[in-house]
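Structure file model.pdb with PDB, C-alpha atoms:
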ATOM      1  CA  MET A   1      40.173 175.434  70.202  1.00  0.00           C
ATOM      2  CA  ARG A   2      43.751 174.127  69.932  1.00  0.00           C
ATOM      3  CA  PRO A   3      45.139 171.926  72.716  1.00  0.00           C
ATOM      4  CA  ASP A   4      47.766 173.429  74.908  1.00  0.00           C
ATOM      5  CA  ARG A   5      51.346 172.292  74.138  1.00  0.00           C
ATOM      6  CA  ASN A   6      52.041 171.685  77.816  1.00  0.00           C
ATOM      7  CA  GLN A   7      49.128 169.299  78.024  1.00  0.00           C
ATOM      8  CA  ARG A   8      50.428 167.280  75.020  1.00  0.00           C
ATOM      9  CA  LYS A   9      53.888 166.976  76.590  1.00  0.00           C
ATOM     10  CA  THR A  10      52.361 165.763  79.854  1.00  0.00           C
ATOM     11  CA  ARG A  11      50.372 163.081  78.105  1.00  0.00           C
ATOM     12  CA  THR A  12      53.462 161.897  76.209  1.00  0.00           C
ATOM     13  CA  ARG A  13      55.449 161.604  79.421  1.00  0.00           C
ATOM     14  CA  GLU A  14      52.694 159.510  80.977  1.00  0.00           C
ATOM     15  CA  VAL A  15      52.745 157.054  78.059  1.00  0.00           C
ATOM     16  CA  LEU A  16      56.541 156.660  78.089  1.00  0.00           C
ATOM     17  CA  ALA A  17      56.646 156.177  81.845  1.00  0.00           C
ATOM     18  CA  ALA A  18      54.143 153.298  81.789  1.00  0.00           C
ATOM     19  CA  ASP A  19      55.377 150.106  83.554  1.00  0.00           C
ATOM     20  CA  VAL A  20      55.885 146.862  81.597  1.00  0.00           C
ATOM     21  CA  ASP A  21      54.363 143.791  83.241  1.00  0.00           C
ATOM     22  CA  LEU A  22      57.115 141.087  83.290  1.00  0.00           C
ATOM     23  CA  THR A  23      55.082 138.583  85.266  1.00  0.00           C
ATOM     24  CA  PRO A  24      54.144 136.378  82.266  1.00  0.00           C
ATOM     25  CA  ILE A  25      57.774 136.190  81.110  1.00  0.00           C
ATOM     26  CA  MET A  26      59.026 135.318  84.606  1.00  0.00           C
ATOM     27  CA  CYS A  27      56.408 132.582  84.898  1.00  0.00           C
ATOM     28  CA  LEU A  28      57.547 131.189  81.554  1.00  0.00           C
ATOM     29  CA  PHE A  29      61.185 131.041  82.694  1.00  0.00           C
ATOM     30  CA  ILE A  30      60.190 129.441  86.002  1.00  0.00           C
ATOM     31  CA  ILE A  31      58.538 126.633  84.050  1.00  0.00           C
ATOM     32  CA  LEU A  32      61.166 126.256  81.317  1.00  0.00           C
ATOM     33  CA  VAL A  33      64.334 126.170  83.468  1.00  0.00           C
ATOM     34  CA  PRO A  34      63.380 123.090  85.564  1.00  0.00           C
ATOM     35  CA  LEU A  35      62.004 121.418  82.440  1.00  0.00           C
ATOM     36  CA  LEU A  36      65.291 121.893  80.567  1.00  0.00           C
ATOM     37  CA  LEU A  37      67.331 120.671  83.542  1.00  0.00           C
ATOM     38  CA  LEU A  38      65.211 117.539  83.882  1.00  0.00           C
ATOM     39  CA  SER A  39      65.415 116.731  80.172  1.00  0.00           C
ATOM     40  CA  ALA A  40      69.172 117.379  79.870  1.00  0.00           C
ATOM     41  CA  VAL A  41      71.515 114.378  79.500  1.00  0.00           C
ATOM     42  CA  PHE A  42      74.664 114.543  81.581  1.00  0.00           C
ATOM     43  CA  GLU A  43      77.619 112.461  80.397  1.00  0.00           C
ATOM     44  CA  ARG A  44      80.558 111.566  82.630  1.00  0.00           C
ATOM     45  CA  LEU A  45      83.824 110.887  80.855  1.00  0.00           C
ATOM     46  CA  ALA A  46      86.364 108.561  82.443  1.00  0.00           C
ATOM     47  CA  ALA A  47      90.048 109.147  81.750  1.00  0.00           C
ATOM     48  CA  LEU A  48      92.785 106.540  81.959  1.00  0.00           C
ATOM     49  CA  GLN A  49      96.224 107.736  82.919  1.00  0.00           C
ATOM     50  CA  VAL A  50      98.867 106.238  80.668  1.00  0.00           C
ATOM     51  CA  HIS A  51     102.252 107.442  79.536  1.00  0.00           C
ATOM     52  CA  LEU A  52     104.883 106.608  76.983  1.00  0.00           C
ATOM     53  CA  PRO A  53     107.821 104.437  78.043  1.00  0.00           C
ATOM     54  CA  GLU A  54     110.735 106.603  79.103  1.00  0.00           C
ATOM     55  CA  ALA A  55     114.126 106.247  77.514  1.00  0.00           C
ATOM     56  CA  SER A  56     116.759 104.917  79.892  1.00  0.00           C
ATOM     57  CA  THR A  57     120.306 106.238  80.002  1.00  0.00           C
ATOM     58  CA  ILE A  58     123.491 104.509  81.061  1.00  0.00           C
ATOM     59  CA  GLU A  59     123.754 106.704  84.149  1.00  0.00           C
ATOM     60  CA  GLU A  60     120.189 105.893  85.229  1.00  0.00           C
ATOM     61  CA  THR A  61     120.798 102.177  84.786  1.00  0.00           C
ATOM     62  CA  GLU A  62     124.096 102.175  86.680  1.00  0.00           C
ATOM     63  CA  LYS A  63     122.863 104.434  89.507  1.00  0.00           C
ATOM     64  CA  PRO A  64     119.096 104.134  89.944  1.00  0.00           C
ATOM     65  CA  ALA A  65     117.541 106.539  92.423  1.00  0.00           C
ATOM     66  CA  ASP A  66     115.878 103.936  94.664  1.00  0.00           C
ATOM     67  CA  GLY A  67     117.997 100.923  93.804  1.00  0.00           C
ATOM     68  CA  PRO A  68     117.181  98.239  91.235  1.00  0.00           C
ATOM     69  CA  THR A  69     113.696  96.769  91.284  1.00  0.00           C
ATOM     70  CA  GLY A  70     114.920  93.453  89.913  1.00  0.00           C
ATOM     71  CA  ILE A  71     112.964  93.790  86.652  1.00  0.00           C
ATOM     72  CA  VAL A  72     114.529  95.676  83.756  1.00  0.00           C
ATOM     73  CA  GLU A  73     111.440  95.524  81.547  1.00  0.00           C
ATOM     74  CA  LEU A  74     107.949  94.093  81.905  1.00  0.00           C
ATOM     75  CA  ARG A  75     105.831  93.927  78.751  1.00  0.00           C
ATOM     76  CA  LEU A  76     102.316  92.758  77.974  1.00  0.00           C
ATOM     77  CA  LEU A  77     101.499  91.962  74.374  1.00  0.00           C
ATOM     78  CA  LEU A  78      97.816  92.086  73.378  1.00  0.00           C
ATOM     79  CA  LYS A  79      97.115  90.101  70.234  1.00  0.00           C
ATOM     80  CA  GLU A  80      93.946  88.946  68.562  1.00  0.00           C
ATOM     81  CA  ASP A  81      94.574  85.348  69.681  1.00  0.00           C
ATOM     82  CA  GLY A  82      95.641  85.989  73.282  1.00  0.00           C
ATOM     83  CA  LEU A  83      98.030  87.653  75.719  1.00  0.00           C
ATOM     84  CA  SER A  84     101.776  87.303  76.236  1.00  0.00           C
ATOM     85  CA  LEU A  85     103.600  88.578  79.310  1.00  0.00           C
ATOM     86  CA  GLU A  86     107.346  89.027  78.885  1.00  0.00           C
ATOM     87  CA  GLY A  87     110.032  90.475  81.085  1.00  0.00           C
ATOM     88  CA  THR A  88     113.744  90.764  81.700  1.00  0.00           C
ATOM     89  CA  LEU A  89     114.976  90.014  85.216  1.00  0.00           C
ATOM     90  CA  SER A  90     118.218  91.562  86.434  1.00  0.00           C
ATOM     91  CA  HIS A  91     118.127  90.283  90.029  1.00  0.00           C
ATOM     92  CA  ASP A  92     116.947  87.326  92.050  1.00  0.00           C
ATOM     93  CA  PRO A  93     113.973  87.851  94.377  1.00  0.00           C
ATOM     94  CA  SER A  94     116.539  87.966  97.205  1.00  0.00           C
ATOM     95  CA  GLY A  95     118.152  91.049  95.607  1.00  0.00           C
ATOM     96  CA  ARG A  96     121.286  89.396  94.239  1.00  0.00           C
ATOM     97  CA  GLU A  97     122.150  90.542  90.711  1.00  0.00           C
ATOM     98  CA  LYS A  98     122.140  87.855  88.030  1.00  0.00           C
ATOM     99  CA  GLU A  99     125.325  87.250  86.062  1.00  0.00           C
ATOM    100  CA  VAL A 100     123.232  86.997  82.896  1.00  0.00           C
ATOM    101  CA  TYR A 101     119.887  88.765  82.676  1.00  0.00           C
ATOM    102  CA  GLU A 102     117.005  86.299  82.433  1.00  0.00           C
ATOM    103  CA  ASP A 103     114.111  86.598  79.987  1.00  0.00           C
ATOM    104  CA  ILE A 104     110.723  85.277  81.114  1.00  0.00           C
ATOM    105  CA  ARG A 105     107.539  84.671  79.124  1.00  0.00           C
ATOM    106  CA  TYR A 106     103.976  83.632  79.963  1.00  0.00           C
ATOM    107  CA  ASP A 107     101.407  82.932  77.234  1.00  0.00           C
ATOM    108  CA  PHE A 108      97.657  83.157  77.819  1.00  0.00           C
ATOM    109  CA  PRO A 109      95.564  81.909  74.874  1.00  0.00           C
ATOM    110  CA  LEU A 110      91.983  83.024  74.426  1.00  0.00           C
ATOM    111  CA  GLN A 111      89.417  81.356  76.680  1.00  0.00           C
ATOM    112  CA  GLY A 112      86.636  80.941  74.159  1.00  0.00           C
ATOM    113  CA  ASP A 113      86.054  84.490  72.946  1.00  0.00           C
ATOM    114  CA  ARG A 114      87.583  86.323  75.926  1.00  0.00           C
ATOM    115  CA  TYR A 115      91.064  87.047  77.225  1.00  0.00           C
ATOM    116  CA  ASP A 116      92.419  85.069  80.172  1.00  0.00           C
ATOM    117  CA  LEU A 117      92.675  88.014  82.560  1.00  0.00           C
ATOM    118  CA  GLU A 118      92.514  85.697  85.589  1.00  0.00           C
ATOM    119  CA  GLY A 119      95.613  83.827  84.430  1.00  0.00           C
ATOM    120  CA  LEU A 120      97.329  87.133  83.678  1.00  0.00           C
ATOM    121  CA  GLN A 121      96.636  88.478  87.162  1.00  0.00           C
ATOM    122  CA  LYS A 122      97.922  85.253  88.728  1.00  0.00           C
ATOM    123  CA  ALA A 123     101.274  85.650  86.924  1.00  0.00           C
ATOM    124  CA  LEU A 124     101.426  89.359  87.771  1.00  0.00           C
ATOM    125  CA  ARG A 125     100.655  88.596  91.414  1.00  0.00           C
ATOM    126  CA  GLU A 126     103.537  86.118  91.557  1.00  0.00           C
ATOM    127  CA  LEU A 127     105.955  88.616  89.998  1.00  0.00           C
ATOM    128  CA  LYS A 128     104.770  91.362  92.359  1.00  0.00           C
ATOM    129  CA  SER A 129     105.372  89.151  95.392  1.00  0.00           C
ATOM    130  CA  GLN A 130     108.947  88.515  94.230  1.00  0.00           C
ATOM    131  CA  TYR A 131     109.688  92.068  93.053  1.00  0.00           C
ATOM    132  CA  PRO A 132     107.464  94.400  95.121  1.00  0.00           C
ATOM    133  CA  LYS A 133     109.375  97.585  94.192  1.00  0.00           C
ATOM    134  CA  HIS A 134     108.681  97.320  90.477  1.00  0.00           C
ATOM    135  CA  LYS A 135     105.679  99.379  89.298  1.00  0.00           C
ATOM    136  CA  GLU A 136     105.976  99.800  85.520  1.00  0.00           C
ATOM    137  CA  ILE A 137     104.517  97.675  82.737  1.00  0.00           C
ATOM    138  CA  VAL A 138     104.458  98.415  78.997  1.00  0.00           C
ATOM    139  CA  LEU A 139     101.504  97.427  76.817  1.00  0.00           C
ATOM    140  CA  LEU A 140     102.078  96.600  73.151  1.00  0.00           C
ATOM    141  CA  VAL A 141      98.753  96.354  71.358  1.00  0.00           C
ATOM    142  CA  ASP A 142      97.949  94.741  68.028  1.00  0.00           C
ATOM    143  CA  ASP A 143      95.836  96.834  65.660  1.00  0.00           C
ATOM    144  CA  LYS A 144      92.964  94.313  65.727  1.00  0.00           C
ATOM    145  CA  VAL A 145      92.480  94.411  69.512  1.00  0.00           C
ATOM    146  CA  SER A 146      89.353  96.256  70.633  1.00  0.00           C
ATOM    147  CA  TYR A 147      89.454  99.289  72.905  1.00  0.00           C
ATOM    148  CA  ASP A 148      87.406  97.480  75.545  1.00  0.00           C
ATOM    149  CA  ALA A 149      89.966  94.638  75.695  1.00  0.00           C
ATOM    150  CA  ILE A 150      92.791  97.177  76.108  1.00  0.00           C
ATOM    151  CA  VAL A 151      91.032  98.865  79.039  1.00  0.00           C
ATOM    152  CA  GLN A 152      90.320  95.531  80.732  1.00  0.00           C
ATOM    153  CA  ALA A 153      93.964  94.467  80.349  1.00  0.00           C
ATOM    154  CA  MET A 154      95.162  97.787  81.787  1.00  0.00           C
ATOM    155  CA  ASP A 155      92.840  97.410  84.772  1.00  0.00           C
ATOM    156  CA  ALA A 156      94.094  93.860  85.343  1.00  0.00           C
ATOM    157  CA  CYS A 157      97.699  95.089  85.332  1.00  0.00           C
ATOM    158  CA  ARG A 158      97.070  98.001  87.681  1.00  0.00           C
ATOM    159  CA  GLN A 159      95.406  96.275  90.609  1.00  0.00           C
ATOM    160  CA  GLU A 160      93.530  93.253  91.858  1.00  0.00           C
ATOM    161  CA  PHE A 161      90.560  93.011  94.187  1.00  0.00           C
ATOM    162  CA  ILE A 162      90.702  90.749  97.231  1.00  0.00           C
ATOM    163  CA  VAL A 163      88.312  89.990 100.080  1.00  0.00           C
ATOM    164  CA  GLU A 164      89.720  90.495 103.580  1.00  0.00           C
ATOM    165  CA  ASP A 165      87.604  90.220 106.729  1.00  0.00           C
ATOM    166  CA  GLY A 166      84.472  90.196 104.605  1.00  0.00           C
ATOM    167  CA  GLU A 167      85.414  93.447 102.835  1.00  0.00           C
ATOM    168  CA  LYS A 168      86.426  93.884  99.210  1.00  0.00           C
ATOM    169  CA  ARG A 169      89.717  95.746  98.886  1.00  0.00           C
ATOM    170  CA  SER A 170      92.078  96.655  96.072  1.00  0.00           C
ATOM    171  CA  ARG A 171      95.788  95.902  95.979  1.00  0.00           C
ATOM    172  CA  ASP A 172      98.278  97.449  93.547  1.00  0.00           C
ATOM    173  CA  LEU A 173     100.134  95.255  91.087  1.00  0.00           C
ATOM    174  CA  PHE A 174     101.868  97.365  88.423  1.00  0.00           C
ATOM    175  CA  PRO A 175     100.015 100.704  88.476  1.00  0.00           C
ATOM    176  CA  GLU A 176     102.287 102.648  86.112  1.00  0.00           C
ATOM    177  CA  VAL A 177     101.037 101.548  82.696  1.00  0.00           C
ATOM    178  CA  ALA A 178     102.710 102.747  79.495  1.00  0.00           C
ATOM    179  CA  LEU A 179     101.571 102.290  75.893  1.00  0.00           C
ATOM    180  CA  SER A 180     104.215 101.588  73.271  1.00  0.00           C
ATOM    181  CA  GLU A 181     104.217 101.238  69.499  1.00  0.00           C
ATOM    182  CA  ALA A 182     102.126  98.514  67.903  1.00  0.00           C
ATOM    183  CA  PHE A 183     103.586  95.020  67.946  1.00  0.00           C
ATOM    184  CA  SER A 184     105.218  93.780  64.740  1.00  0.00           C
ATOM    185  CA  GLU A 185     105.355  90.060  63.954  1.00  0.00           C
ATOM    186  CA  GLU A 186     108.534  90.610  61.946  1.00  0.00           C
ATOM    187  CA  LYS A 187     110.458  92.607  64.546  1.00  0.00           C
ATOM    188  CA  GLY A 188     108.814  91.267  67.694  1.00  0.00           C
ATOM    189  CA  PHE A 189     109.897  93.381  70.652  1.00  0.00           C
ATOM    190  CA  GLU A 190     113.077  94.596  68.962  1.00  0.00           C
ATOM    191  CA  GLY A 191     111.901  98.216  68.812  1.00  0.00           C
ATOM    192  CA  LEU A 192     111.176  98.309  72.528  1.00  0.00           C
ATOM    193  CA  ARG A 193     114.314  96.443  73.582  1.00  0.00           C
ATOM    194  CA  GLU A 194     116.775  98.350  71.412  1.00  0.00           C
ATOM    195  CA  GLY A 195     117.606 100.793  74.188  1.00  0.00           C
ATOM    196  CA  THR A 196     118.106  98.005  76.725  1.00  0.00           C
ATOM    197  CA  ARG A 197     120.390  96.056  74.419  1.00  0.00           C
ATOM    198  CA  LYS A 198     122.559  99.147  73.909  1.00  0.00           C
ATOM    199  CA  ILE A 199     122.887  99.443  77.669  1.00  0.00           C
ATOM    200  CA  ASP A 200     123.737  95.725  77.982  1.00  0.00           C
ATOM    201  CA  LYS A 201     126.416  96.091  75.324  1.00  0.00           C
ATOM    202  CA  LYS A 202     127.877  99.118  77.092  1.00  0.00           C
ATOM    203  CA  LEU A 203     127.992  97.231  80.361  1.00  0.00           C
ATOM    204  CA  GLY A 204     129.529  94.143  78.724  1.00  0.00           C
ATOM    205  CA  ILE A 205     126.374  92.012  79.057  1.00  0.00           C
ATOM    206  CA  ARG A 206     125.151  89.944  76.125  1.00  0.00           C
TER     207      ARG A 206
END

Can the structure in the file be given as structure tokens, please?
Amino acid sequence: MRPDRNQRKTRTREVLAADVDLTPIMCLFIILVPLLLLSAVFERLAALQVHLPEASTIEETEKPADGPTGIVELRLLLKEDGLSLEGTLSHDPSGREKEVYEDIRYDFPLQGDRYDLEGLQKALRELKSQYPKHKEIVLLVDDKVSYDAIVQAMDACRQEFIVEDGEKRSRDLFPEVALSEAFSEEKGFEGLREGTRKIDKKLGIR
């Protein structure tokens, strides 16, 4: 006796409509997801905000937006054998413009195998107290200086930490840090100061 076609179709439908048990797979995911999260390594990247030194124009020098800060340029040279802080002052701390712009320089030799960041901050603190409106400093870095030394020097230029009323607080020094071309022993700071010297010549200042 041959089976009825309707019966065969019914049996086929029953097989296709069978439910799939997803419980084992769900249990596997419940175990794997926390395990992967616990074993993952999260890395936090810190970014330092720096910019290139901006080119000055004659109009900007003659008519600054907020008045002169008293410092035309402030530069920090990072060399393998130490630090050098140089600047060009256009005004006295009282605000009176100098007849001839004054160049200043502070040298900080290596203290053993480390840079004299304490001496650097002391000089920066003195300049900041005399010229509080100035915020920019340009870093010129020798090729042999390590990245860690550059970051430490930038942090020392940006701010200092003081203790007031038993609390540790930060105070800005020169927060706007710019990175310039590498220092050349042959040219010195000539590349950086070329624009300023053109302005001085235009204004009749030598």

Pull out every residue that the PyMOL selection byres ((chain A and resi 158-161) around 9) matches in the shown coordinates and put them as a tab-separated table (two decimals) with C-alpha atoms, in the coordinates of the input.
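Here's the written file result_37.tsv:
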chain	number	residue	atom	x	y	z
A	121	GLN	CA	96.64	88.48	87.16
A	125	ARG	CA	100.66	88.60	91.41
A	135	LYS	CA	105.68	99.38	89.30
A	137	ILE	CA	104.52	97.68	82.74
A	153	ALA	CA	93.96	94.47	80.35
A	154	MET	CA	95.16	97.79	81.79
A	155	ASP	CA	92.84	97.41	84.77
A	156	ALA	CA	94.09	93.86	85.34
A	157	CYS	CA	97.70	95.09	85.33
A	162	ILE	CA	90.70	90.75	97.23
A	163	VAL	CA	88.31	89.99	100.08
A	168	LYS	CA	86.43	93.88	99.21
A	169	ARG	CA	89.72	95.75	98.89
A	170	SER	CA	92.08	96.66	96.07
A	171	ARG	CA	95.79	95.90	95.98
A	172	ASP	CA	98.28	97.45	93.55
A	173	LEU	CA	100.13	95.26	91.09
A	174	PHE	CA	101.87	97.36	88.42
A	175	PRO	CA	100.02	100.70	88.48
A	176	GLU	CA	102.29	102.65	86.11
A	177	VAL	CA	101.04	101.55	82.70

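Of the residues listed (A:Arg96, A:Lys122, A:Lys128, A:His91), A:Lys122 shows the shortest atom-to-atom separation from Phe108 (chain A); distances use all atoms listed in the file.
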
Edge lengths and centre in Å to one decimal, as JSON, is what I'm after for the box along x, y and z that holds all listed atoms of region 96-104 of chain A once 3 Å is added on each side.
{"center_x": 118.0, "center_y": 87.9, "center_z": 87.1, "size_x": 20.6, "size_y": 11.3, "size_z": 20.3}

Could you spell out the hits of the PyMOL selection byres ((chain A and resi 179) around 6) on the shown file, as a count of residues only?
-> 5

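The space separating CA of Val72 (chain A) from CA of Gly95 (chain A) comes to 13.2 Å.
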
Could you state which residues are captured by the PyMOL selection byres ((chain A and resi 103) around 10) in this file, as an mmCIF file with C-alpha atoms, keeping the file's coordinate frame?
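Final output, result_25.cif:
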data_model
loop_
_atom_site.group_PDB
_atom_site.id
_atom_site.type_symbol
_atom_site.label_atom_id
_atom_site.label_comp_id
_atom_site.auth_asym_id
_atom_site.auth_seq_id
_atom_site.Cartn_x
_atom_site.Cartn_y
_atom_site.Cartn_z
ATOM 1 C CA ILE A 71 112.964 93.790 86.652
ATOM 2 C CA VAL A 72 114.529 95.676 83.756
ATOM 3 C CA GLU A 73 111.440 95.524 81.547
ATOM 4 C CA LEU A 74 107.949 94.093 81.905
ATOM 5 C CA GLU A 86 107.346 89.027 78.885
ATOM 6 C CA GLY A 87 110.032 90.475 81.085
ATOM 7 C CA THR A 88 113.744 90.764 81.700
ATOM 8 C CA LEU A 89 114.976 90.014 85.216
ATOM 9 C CA SER A 90 118.218 91.562 86.434
ATOM 10 C CA VAL A 100 123.232 86.997 82.896
ATOM 11 C CA TYR A 101 119.887 88.765 82.676
ATOM 12 C CA GLU A 102 117.005 86.299 82.433
ATOM 13 C CA ILE A 104 110.723 85.277 81.114
ATOM 14 C CA ARG A 105 107.539 84.671 79.124
#

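Put simply, CA of Asp92 (chain A) is 29.7 Å away from CA of Glu164 (chain A).
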
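Across the model, the gap from CA of Gln130 (chain A) to CA of Ser94 (chain A) is 8.2 Å.
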
9 Å contact set for region 114-119 of chain A, only C-alpha atoms, chain neighbours under 5 positions out, as a PyMOL selection string = chain A and resi 81-83+108-109+124+149+152-153+156

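Proximity to Ser129 (chain A) was assessed for A:Leu85, A:Leu32, A:Arg75, A:Pro93 counting only C-alpha atoms; the smallest distance is recorded for A:Pro93.
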